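Q: final_37.cif is reproduced in full below (mmCIF, C-alpha atoms).
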data_model
loop_
_atom_site.group_PDB
_atom_site.id
_atom_site.type_symbol
_atom_site.label_atom_id
_atom_site.label_comp_id
_atom_site.auth_asym_id
_atom_site.auth_seq_id
_atom_site.Cartn_x
_atom_site.Cartn_y
_atom_site.Cartn_z
ATOM 1 C CA MET A 1 69.999 119.595 113.148
ATOM 2 C CA ALA A 2 73.505 120.998 112.646
ATOM 3 C CA ALA A 3 75.840 119.273 110.218
ATOM 4 C CA HIS A 4 79.277 118.317 111.506
ATOM 5 C CA LYS A 5 82.207 118.190 109.142
ATOM 6 C CA LEU A 6 85.311 116.191 110.003
ATOM 7 C CA SER A 7 88.639 116.955 108.358
ATOM 8 C CA ILE A 8 91.582 114.625 108.468
ATOM 9 C CA GLY A 9 93.890 117.412 107.369
ATOM 10 C CA ILE A 10 96.867 115.272 106.392
ATOM 11 C CA LEU A 11 98.517 118.051 104.439
ATOM 12 C CA ASP A 12 96.880 121.072 106.061
ATOM 13 C CA GLU A 13 100.179 121.987 107.653
ATOM 14 C CA ILE A 14 102.925 121.741 105.061
ATOM 15 C CA ASP A 15 106.367 120.922 106.444
ATOM 16 C CA PHE A 16 108.151 120.246 103.173
ATOM 17 C CA ARG A 17 109.606 122.308 100.357
ATOM 18 C CA LEU A 18 109.604 121.477 96.660
ATOM 19 C CA ILE A 19 112.307 122.310 94.154
ATOM 20 C CA ALA A 20 111.391 122.143 90.465
ATOM 21 C CA ILE A 21 114.113 120.880 88.116
ATOM 22 C CA HIS A 22 114.058 121.313 84.334
ATOM 23 C CA THR A 23 116.497 119.027 82.523
ATOM 24 C CA SER A 24 116.645 116.571 79.643
ATOM 25 C CA VAL A 25 118.881 113.990 81.346
ATOM 26 C CA GLU A 26 117.702 110.595 82.576
ATOM 27 C CA ASP A 27 116.651 110.107 86.186
ATOM 28 C CA TYR A 28 119.645 107.993 87.236
ATOM 29 C CA PHE A 29 122.098 110.512 85.751
ATOM 30 C CA LEU A 30 120.360 113.419 87.468
ATOM 31 C CA ALA A 31 120.581 111.560 90.792
ATOM 32 C CA TYR A 32 124.304 111.026 90.118
ATOM 33 C CA LEU A 33 124.828 114.739 89.394
ATOM 34 C CA ILE A 34 122.966 115.746 92.537
ATOM 35 C CA ASN A 35 124.983 113.292 94.633
ATOM 36 C CA LYS A 36 128.188 114.667 93.135
ATOM 37 C CA ASN A 37 127.386 118.352 93.727
ATOM 38 C CA LEU A 38 125.233 118.337 96.873
ATOM 39 C CA PRO A 39 125.966 116.853 100.308
ATOM 40 C CA ILE A 40 123.358 114.090 99.924
ATOM 41 C CA LEU A 41 123.436 110.509 98.642
ATOM 42 C CA LEU A 42 120.258 109.711 96.729
ATOM 43 C CA ALA A 43 119.557 106.016 96.146
ATOM 44 C CA LYS A 44 116.958 104.306 93.949
ATOM 45 C CA ASP A 45 113.729 103.555 95.799
ATOM 46 C CA THR A 46 110.424 101.937 94.891
ATOM 47 C CA ALA A 47 108.514 103.827 92.233
ATOM 48 C CA VAL A 48 105.524 106.035 92.981
ATOM 49 C CA SER A 49 102.317 104.756 91.381
ATOM 50 C CA GLY A 50 100.202 107.086 89.306
ATOM 51 C CA ASN A 51 96.576 107.943 89.883
ATOM 52 C CA GLY A 52 93.435 108.655 87.921
ATOM 53 C CA ASP A 53 93.601 107.421 84.331
ATOM 54 C CA PHE A 54 97.285 106.531 84.740
ATOM 55 C CA ARG A 55 97.195 104.011 87.588
ATOM 56 C CA ASP A 56 99.767 101.827 85.823
ATOM 57 C CA ALA A 57 102.270 104.702 85.517
ATOM 58 C CA ASN A 58 105.301 104.404 87.794
ATOM 59 C CA PHE A 59 107.259 107.578 88.530
ATOM 60 C CA SER A 60 110.892 106.902 89.425
ATOM 61 C CA LYS A 61 112.001 107.927 92.907
ATOM 62 C CA PHE A 62 115.377 108.381 94.596
ATOM 63 C CA THR A 63 115.558 108.993 98.351
ATOM 64 C CA TYR A 64 118.027 109.887 101.072
ATOM 65 C CA VAL A 65 117.454 110.399 104.809
ATOM 66 C CA ASP A 66 119.958 112.386 106.858
ATOM 67 C CA GLU A 67 119.790 110.853 110.328
ATOM 68 C CA THR A 68 121.616 113.705 112.075
ATOM 69 C CA THR A 69 119.256 116.473 110.920
ATOM 70 C CA GLU A 70 116.200 114.204 110.428
ATOM 71 C CA THR A 71 115.795 115.606 106.941
ATOM 72 C CA SER A 72 114.598 113.448 104.077
ATOM 73 C CA TYR A 73 115.194 114.130 100.394
ATOM 74 C CA CYS A 74 113.193 112.639 97.569
ATOM 75 C CA LEU A 75 113.853 113.135 93.852
ATOM 76 C CA ILE A 76 110.705 112.257 91.899
ATOM 77 C CA GLN A 77 110.020 112.147 88.203
ATOM 78 C CA ASN A 78 107.146 114.531 87.386
ATOM 79 C CA LYS A 79 106.212 113.306 83.916
ATOM 80 C CA ILE A 80 106.370 109.944 82.217
ATOM 81 C CA GLN A 81 105.213 108.571 78.873
ATOM 82 C CA VAL A 82 102.600 105.838 79.168
ATOM 83 C CA GLN A 83 101.528 103.633 76.294
ATOM 84 C CA SER A 84 97.776 103.464 75.971
ATOM 85 C CA ALA A 85 96.068 100.150 75.374
ATOM 86 C CA PRO A 86 95.686 99.407 71.646
ATOM 87 C CA LYS A 87 92.219 99.997 70.264
ATOM 88 C CA ILE A 88 91.670 97.804 67.249
ATOM 89 C CA SER A 89 88.749 98.468 64.984
ATOM 90 C CA ALA A 90 87.862 97.304 61.501
ATOM 91 C CA THR A 91 88.544 100.694 59.920
ATOM 92 C CA ASP A 92 91.806 101.492 61.735
ATOM 93 C CA LEU A 93 93.746 98.283 61.303
ATOM 94 C CA PHE A 94 97.164 99.966 61.038
ATOM 95 C CA GLN A 95 96.678 102.753 63.565
ATOM 96 C CA MET A 96 99.689 103.248 65.826
ATOM 97 C CA ASP A 97 99.459 103.598 69.588
ATOM 98 C CA THR A 98 99.958 107.160 70.705
ATOM 99 C CA PRO A 99 101.841 107.602 73.972
ATOM 100 C CA SER A 100 100.158 109.656 76.651
ATOM 101 C CA ILE A 101 101.977 111.687 79.264
ATOM 102 C CA ALA A 102 101.163 111.209 82.940
ATOM 103 C CA TYR A 103 102.043 113.923 85.458
ATOM 104 C CA LEU A 104 102.620 113.575 89.186
ATOM 105 C CA LEU A 105 101.763 117.263 89.643
ATOM 106 C CA PRO A 106 99.569 118.264 86.669
ATOM 107 C CA GLU A 107 99.773 121.953 87.634
ATOM 108 C CA PHE A 108 103.454 121.945 86.687
ATOM 109 C CA LYS A 109 103.538 120.182 83.311
ATOM 110 C CA THR A 110 106.840 121.733 82.248
ATOM 111 C CA VAL A 111 108.731 120.471 85.316
ATOM 112 C CA ASP A 112 110.751 117.310 84.654
ATOM 113 C CA TYR A 113 111.747 116.379 88.224
ATOM 114 C CA ILE A 114 110.808 117.469 91.729
ATOM 115 C CA LEU A 115 113.131 117.442 94.725
ATOM 116 C CA LYS A 116 111.017 117.174 97.885
ATOM 117 C CA VAL A 117 112.822 118.235 101.071
ATOM 118 C CA ASP A 118 111.141 117.321 104.379
ATOM 119 C CA ASN A 119 112.211 119.273 107.490
ATOM 120 C CA GLY A 120 115.128 120.979 105.743
ATOM 121 C CA GLU A 121 114.099 124.597 105.416
ATOM 122 C CA ASP A 122 117.561 126.031 106.032
ATOM 123 C CA GLU A 123 119.222 123.942 103.332
ATOM 124 C CA THR A 124 116.816 124.610 100.459
ATOM 125 C CA ASP A 125 118.248 128.024 99.549
ATOM 126 C CA ASN A 126 121.776 126.609 99.483
ATOM 127 C CA PHE A 127 120.615 123.654 97.373
ATOM 128 C CA LEU A 128 119.096 126.010 94.806
ATOM 129 C CA LYS A 129 122.476 127.719 94.377
ATOM 130 C CA LEU A 130 124.298 124.394 94.054
ATOM 131 C CA LEU A 131 121.762 122.998 91.569
ATOM 132 C CA HIS A 132 122.095 126.130 89.403
ATOM 133 C CA GLN A 133 125.792 125.300 88.987
ATOM 134 C CA ILE A 134 125.114 121.925 87.313
ATOM 135 C CA ASP A 135 125.502 122.389 83.555
ATOM 136 C CA GLN A 136 122.961 119.708 82.569
ATOM 137 C CA ILE A 137 120.146 121.429 84.481
ATOM 138 C CA ALA A 138 118.378 124.168 82.517
ATOM 139 C CA THR A 139 116.624 125.875 85.412
ATOM 140 C CA VAL A 140 115.788 125.331 89.075
ATOM 141 C CA TYR A 141 113.305 127.133 91.320
ATOM 142 C CA GLU A 142 111.234 126.579 94.427
ATOM 143 C CA ILE A 143 107.565 125.691 93.967
ATOM 144 C CA ASN A 144 105.059 127.630 96.018
ATOM 145 C CA THR A 145 103.118 124.896 97.823
ATOM 146 C CA ASP A 146 99.981 127.068 97.879
ATOM 147 C CA GLN A 147 99.701 126.607 94.081
ATOM 148 C CA ILE A 148 99.491 122.817 94.323
ATOM 149 C CA LYS A 149 95.994 121.420 93.973
ATOM 150 C CA SER A 150 97.054 117.759 93.911
ATOM 151 C CA LYS A 151 98.906 117.644 97.245
ATOM 152 C CA ASN A 152 97.725 114.079 97.852
ATOM 153 C CA ASN A 153 100.044 112.903 95.046
ATOM 154 C CA LEU A 154 102.977 113.870 97.276
ATOM 155 C CA ILE A 155 102.058 111.404 100.028
ATOM 156 C CA PHE A 156 104.423 108.423 99.744
#
Please go through the file and, once you have read it, give me the structure as structure tokens.

A:
Amino acid sequence: MAAHKLSIGILDEIDFRLIAIHTSVEDYFLAYLINKNLPILLAKDTAVSGNGDFRDANFSKFTYVDETTETSYCLIQNKIQVQSAPKISATDLFQMDTPSIAYLLPEFKTVDYILKVDNGEDETDNFLKLLHQIDQIATVYEINTDQIKSKNNLIF
């Protein structure tokens, strides 16, 4: 008997682009700088929940939807420090909790923030140039979506 395999294929066809942002500024200040220098208005949205061992991690998210071009923009935090639950034992009474780092996209551990652009392929190249001009941003580049193994983390 032949085996049949069904594929949902939610992200088989990728229609978004990802921009990696390296910076040391806080998320709200980065959203302010992007709003000031780019023609978008990011606003705070509900946080994205983590997965795996870090289910209680909440990655900050700022979104904007341009109704005229039907393009949506989402600025997401890629890494966040999570406090692990204290483990108390008789021998380690004064052991301090060590913070762990949770990643939205573990393949890109050096990336601080990700700007996800849905249906805006023409604008991404221009946005890269404008983001390079912001002094607080160290570097900006486009992420090749073929390198992403954890594409399901980008569904929100």

Q: Find, counting all atoms listed in the file, the residue in A:Val48, A:Val111, A:Ala57, A:Leu42 that gets nearest to Ile21 (chain A).

A: A:Val111

Q: Could you tell me which of A:Ala47, A:Leu41, A:Leu33, A:Leu128 comes closest to Ser60 (chain A) if we count only C-alpha atoms?

A: A:Ala47

Q: What lies within 12 Å of Tyr28 (chain A) using only C-alpha atoms, ignoring chain neighbours under 3 positions off, as number ranges by chain?

A: A: 24-25, 31-35, 42-45, 60-63, 75-77, 113

Q: Can you give me, as a ChimeraX atom specification, the residues this file yields under the PyMOL selection byres ((chain A and resi 70-72) around 9)?

A: /A:63-69,73-74,116-120

Q: So which residues get picked by the PyMOL selection byres ((chain A and resi 137) around 8) here, written as a PyMOL selection string?

A: chain A and resi 21-24+131-132+134-136+138-140

Q: Would you mind exporting the chosen residues as a tab-separated table (two decimals), keeping the file's coordinate frame, restricted to C-alpha atoms?

A:
chain	number	residue	atom	x	y	z
A	21	ILE	CA	114.11	120.88	88.12
A	22	HIS	CA	114.06	121.31	84.33
A	23	THR	CA	116.50	119.03	82.52
A	24	SER	CA	116.64	116.57	79.64
A	131	LEU	CA	121.76	123.00	91.57
A	132	HIS	CA	122.10	126.13	89.40
A	134	ILE	CA	125.11	121.92	87.31
A	135	ASP	CA	125.50	122.39	83.56
A	136	GLN	CA	122.96	119.71	82.57
A	138	ALA	CA	118.38	124.17	82.52
A	139	THR	CA	116.62	125.88	85.41
A	140	VAL	CA	115.79	125.33	89.08

Q: How far is it from CA of Lys36 (chain A) to CA of Ser49 (chain A), in Å with one decimal?

A: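 These atoms are spaced 27.8 Å apart.
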
Q: In Å, with one decimal, what is the gap from CA of Leu130 (chain A) to CA of Pro39 (chain A)?

A: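 Value for the CA of Leu130 (chain A)-CA of Pro39 (chain A) distance: 9.9 Å.
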
Q: Under the rule that only C-alpha atoms are counted, which of A:Asn58, A:Asp146, A:Leu104, A:Lys129 is the nearest residue to Val82 (chain A)?

A: A:Asn58

Q: Give me, please, the distance in Å between CA of Pro106 (chain A) and CA of Asp125 (chain A), quoted to one decimal.

A: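 Pair CA of Pro106 (chain A) / CA of Asp125 (chain A) returns 24.7 Å.
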
Q: Quick one: apply the PyMOL selection byres ((chain A and resi 81) around 6) to the file and drop the selected residues here as a PyMOL selection string.

A: chain A and resi 80+82+100-101

Q: Go through A:Leu154, A:Leu115, A:Leu30, A:Ile143 one by one, measure the shortest atom-to-atom distance of each to Tyr103 (chain A) using all atoms listed in the file, and give the residue with the smallest value.

A: A:Leu154

Q: Which of these residues is nearest to Ala20 (chain A), using only C-alpha atoms: A:Ile114, A:Leu105, A:Ile155, A:Ile40?

A: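 Ranking A:Ile114, A:Leu105, A:Ile155, A:Ile40 by distance to Ala20 (chain A), first place goes to A:Ile114.
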
Q: Find the smallest box with edges along x, y and z containing every listed atom of region 70-73 of chain A, then add 5 Å on each side and report centre and edge lengths in Å to one decimal, as AutoDock Vina command-line options.

A:
--center_x 115.4 --center_y 114.5 --center_z 105.4 --size_x 11.6 --size_y 12.2 --size_z 20.0

Q: Kindly complete region 120-133 of chain A to N, CA, C and O atoms; the output should be written as a compact mmCIF listing (two decimals), keeping the file's coordinate frame.

A:
# COMPACT_ATOMS: atom_id res chain seq x y z
N GLY A 120 113.82 120.40 106.05
CA GLY A 120 115.13 120.98 105.74
C GLY A 120 115.01 122.38 105.20
O GLY A 120 115.52 122.68 104.13
N GLU A 121 114.35 123.25 105.92
CA GLU A 121 114.10 124.60 105.42
C GLU A 121 115.35 125.44 105.26
O GLU A 121 115.44 126.29 104.40
N ASP A 122 116.34 125.23 106.11
CA ASP A 122 117.56 126.03 106.03
C ASP A 122 118.41 125.67 104.82
O ASP A 122 119.13 126.50 104.28
N GLU A 123 118.35 124.42 104.39
CA GLU A 123 119.22 123.94 103.33
C GLU A 123 118.69 124.20 101.92
O GLU A 123 119.44 124.14 100.96
N THR A 124 117.42 124.49 101.78
CA THR A 124 116.82 124.61 100.46
C THR A 124 117.43 125.75 99.65
O THR A 124 117.70 125.59 98.47
N ASP A 125 117.66 126.89 100.27
CA ASP A 125 118.25 128.02 99.55
C ASP A 125 119.66 127.70 99.06
O ASP A 125 120.03 128.07 97.94
N ASN A 126 120.43 127.02 99.88
CA ASN A 126 121.78 126.61 99.48
C ASN A 126 121.72 125.58 98.35
O ASN A 126 122.52 125.61 97.43
N PHE A 127 120.76 124.67 98.42
CA PHE A 127 120.62 123.65 97.37
C PHE A 127 120.26 124.29 96.04
O PHE A 127 120.71 123.84 94.99
N LEU A 128 119.44 125.32 96.06
CA LEU A 128 119.10 126.01 94.81
C LEU A 128 120.34 126.58 94.14
O LEU A 128 120.52 126.46 92.92
N LYS A 129 121.23 127.17 94.92
CA LYS A 129 122.48 127.72 94.38
C LYS A 129 123.36 126.61 93.80
O LYS A 129 123.95 126.77 92.73
N LEU A 130 123.46 125.50 94.52
CA LEU A 130 124.30 124.39 94.05
C LEU A 130 123.71 123.72 92.81
O LEU A 130 124.45 123.32 91.91
N LEU A 131 122.40 123.61 92.74
CA LEU A 131 121.76 123.00 91.57
C LEU A 131 121.90 123.89 90.33
O LEU A 131 121.99 123.39 89.22
N HIS A 132 121.90 125.20 90.52
CA HIS A 132 122.10 126.13 89.40
C HIS A 132 123.47 125.95 88.76
O HIS A 132 123.64 126.27 87.58
N GLN A 133 124.44 125.46 89.50
CA GLN A 133 125.79 125.30 88.99
C GLN A 133 125.98 124.05 88.13
O GLN A 133 126.99 123.91 87.46
